[in-house]
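Participant: Provided herewith is a single structure, encoded as structure tokens, for subsequent inquiry.
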Amino acid sequence: MGSGCCREEEKLEINKQVPRFRAQALVGNEAKSISLDEYRGKWVILVFYPADFTFICPTELGDLADKYPQFQQIGAEILSISTDTVFVHKAWKDNSETIRKINFPMVADPTGMICQAFGTYIPEEGLSLRGTFIIDPDGILKAYELHDNSIGRSSDELLRKIKAAQFVREHGDQVCPANWQPGKDTLKPGMDLVGKI
């Protein structure tokens, strides 16, 4: 039931291919083997979190579960990942009203191999930092953030980032300024803008 992941020479870099992996995941109420390769052609968000049955984690995952249909509408898939097993994921889902709402795959990484490949692993704890990774349809890393485990994340900001990344992918000559939302003005980089913003 362990994770199959990554070659040692792979290094996580923006605008480069992300490490590939295959792992067990709780999908609905069943354990399934899933591969990151299965999601080629879609935007993918990997959401690493420390552990099931904790405190901030259910608030984050519950928020993502509520907004999951919005992510799906824009062609994005969410995979949550912790170092728990699929059996612990299932027990948590059975016992928590918040976690019961989750319809996205909950990946199990009990060996920590996926966490290590993405730089979120805390070896002395056997847990993951809060890490969020936005991957484009070609498997290219477009954005990521790491948090101290006492700081929760915003799914609204994550949704905004995905939309900005999608816009830039479609309109390569334009960039999205701070707090950009769909329909708002973008920028076209060039010498005429230097010193005028």
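Letters A, B, ... go to the chains of the structure tokens in the order shown; residues in each chain start at 1; ligands are counted from 1 in the same order.
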Please return, as a short mmCIF file (atom, residue, chain, number, x, y, z; two decimals) with C-alpha atoms, in the first residue's frame, all residues of range 6-187 of chain A that DSSP assigns to helix (DSSP H, G or I) on the basis of the backbone.

Facilitator:
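Listed below is the output, result38.cif:
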data_model
loop_
_atom_site.label_atom_id
_atom_site.label_comp_id
_atom_site.auth_asym_id
_atom_site.auth_seq_id
_atom_site.Cartn_x
_atom_site.Cartn_y
_atom_site.Cartn_z
CA LEU A 36 -0.71 11.82 -10.88
CA ASP A 37 -0.39 10.88 -14.57
CA GLU A 38 -4.14 10.12 -14.64
CA TYR A 39 -4.81 13.84 -14.24
CA ILE A 56 -6.81 23.22 11.55
CA CYS A 57 -6.82 20.43 8.93
CA PRO A 58 -10.59 19.80 9.00
CA THR A 59 -11.29 23.53 8.66
CA GLU A 60 -9.13 23.69 5.53
CA LEU A 61 -10.38 20.44 3.97
CA GLY A 62 -14.00 21.29 4.81
CA ASP A 63 -13.58 24.67 3.10
CA LEU A 64 -12.09 22.98 0.03
CA ALA A 65 -14.93 20.41 0.04
CA ASP A 66 -17.49 23.24 0.01
CA LYS A 67 -15.76 24.93 -2.94
CA TYR A 68 -14.81 21.73 -4.79
CA PRO A 69 -17.60 22.18 -7.39
CA GLN A 70 -16.15 25.63 -8.23
CA PHE A 71 -12.72 24.10 -8.80
CA GLN A 72 -14.25 21.36 -10.96
CA GLN A 73 -16.15 23.95 -13.03
CA VAL A 86 -6.25 5.14 3.68
CA PHE A 87 -7.68 3.34 6.72
CA VAL A 88 -7.15 6.40 8.91
CA HIS A 89 -8.66 8.60 6.17
CA LYS A 90 -11.71 6.30 6.15
CA ALA A 91 -12.04 6.35 9.95
CA TRP A 92 -11.80 10.16 9.93
CA LYS A 93 -14.43 10.42 7.21
CA ASP A 94 -16.72 8.05 9.12
CA ASN A 95 -16.36 10.07 12.32
CA GLU A 97 -19.26 15.51 9.63
CA THR A 98 -16.87 18.01 8.06
CA ILE A 99 -14.64 15.38 6.42
CA ARG A 100 -17.68 13.40 5.26
CA MET A 113 7.90 9.66 -0.07
CA ILE A 114 5.49 12.05 -1.80
CA CYS A 115 5.92 14.65 0.96
CA GLN A 116 9.70 14.36 0.62
CA ALA A 117 9.53 14.78 -3.17
CA SER A 155 -9.43 28.27 -0.63
CA ASP A 156 -10.71 31.58 -2.06
CA GLU A 157 -7.13 32.69 -2.69
CA LEU A 158 -6.28 29.28 -4.14
CA LEU A 159 -9.22 29.54 -6.54
CA ARG A 160 -8.06 33.06 -7.53
CA LYS A 161 -4.52 31.80 -8.21
CA ILE A 162 -5.78 28.97 -10.41
CA LYS A 163 -7.91 31.38 -12.44
CA ALA A 164 -4.94 33.73 -12.84
CA ALA A 165 -2.69 30.84 -13.94
CA GLN A 166 -5.33 29.72 -16.44
CA PHE A 167 -5.69 33.25 -17.83
CA VAL A 168 -1.93 33.61 -18.30
CA ARG A 169 -1.76 30.20 -19.99
CA GLU A 170 -4.43 31.32 -22.49
#

Participant: Taking the chain letters and numbering used in this document, name the residues of range 88-133 of chain A that DSSP puts in strand (DSSP E), as a PyMOL selection string.

Facilitator: chain A and resi 106-108+121-122+127-128+130-133

Participant: How would the residues just chosen look if you wrote them out with N, CA and C atoms as an mmCIF file, in the first residue's frame?

Facilitator:
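Wrote again.cif, looks like this:
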data_model
loop_
_atom_site.group_PDB
_atom_site.id
_atom_site.type_symbol
_atom_site.label_atom_id
_atom_site.label_comp_id
_atom_site.auth_asym_id
_atom_site.auth_seq_id
_atom_site.Cartn_x
_atom_site.Cartn_y
_atom_site.Cartn_z
ATOM 1 N N MET A 106 -8.382 11.527 -1.226
ATOM 2 C CA MET A 106 -7.531 11.767 -0.063
ATOM 3 C C MET A 106 -6.372 10.769 -0.154
ATOM 4 N N VAL A 107 -5.211 11.279 -0.572
ATOM 5 C CA VAL A 107 -4.049 10.429 -0.840
ATOM 6 C C VAL A 107 -3.362 10.040 0.465
ATOM 7 N N ALA A 108 -2.932 8.781 0.538
ATOM 8 C CA ALA A 108 -2.199 8.265 1.696
ATOM 9 C C ALA A 108 -0.713 8.197 1.362
ATOM 10 N N TYR A 121 7.972 17.393 3.870
ATOM 11 C CA TYR A 121 8.125 16.401 4.941
ATOM 12 C C TYR A 121 8.905 16.947 6.137
ATOM 13 N N ILE A 122 8.393 16.661 7.336
ATOM 14 C CA ILE A 122 9.082 17.002 8.591
ATOM 15 C C ILE A 122 9.595 15.680 9.167
ATOM 16 N N LEU A 127 5.447 13.916 9.671
ATOM 17 C CA LEU A 127 4.258 14.633 9.191
ATOM 18 C C LEU A 127 4.641 15.573 8.055
ATOM 19 N N SER A 128 3.617 16.171 7.456
ATOM 20 C CA SER A 128 3.827 17.138 6.383
ATOM 21 C C SER A 128 3.550 18.545 6.871
ATOM 22 N N ARG A 130 1.986 22.260 5.824
ATOM 23 C CA ARG A 130 0.880 22.654 4.949
ATOM 24 C C ARG A 130 1.489 23.170 3.646
ATOM 25 N N GLY A 131 1.308 22.435 2.587
ATOM 26 C CA GLY A 131 1.850 22.829 1.290
ATOM 27 C C GLY A 131 0.776 22.749 0.227
ATOM 28 N N THR A 132 0.756 23.732 -0.667
ATOM 29 C CA THR A 132 -0.213 23.763 -1.759
ATOM 30 C C THR A 132 0.551 23.935 -3.070
ATOM 31 N N PHE A 133 0.259 23.080 -4.047
ATOM 32 C CA PHE A 133 0.978 23.075 -5.314
ATOM 33 C C PHE A 133 -0.026 23.122 -6.457
#

Participant: Taking only C-alpha atoms into account, which of A:Ala51, A:Ile14, A:Ala143, A:Leu129 comes nearest Pro110 in chain A?

Facilitator: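 Ranking A:Ala51, A:Ile14, A:Ala143, A:Leu129 by distance to Pro110 in chain A, first place goes to A:Ala51.
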
Participant: Closest to Ala23 in chain A among A:Gly152, A:Pro177, A:Gly183, A:Pro105, using only C-alpha atoms?

Facilitator: A:Pro105
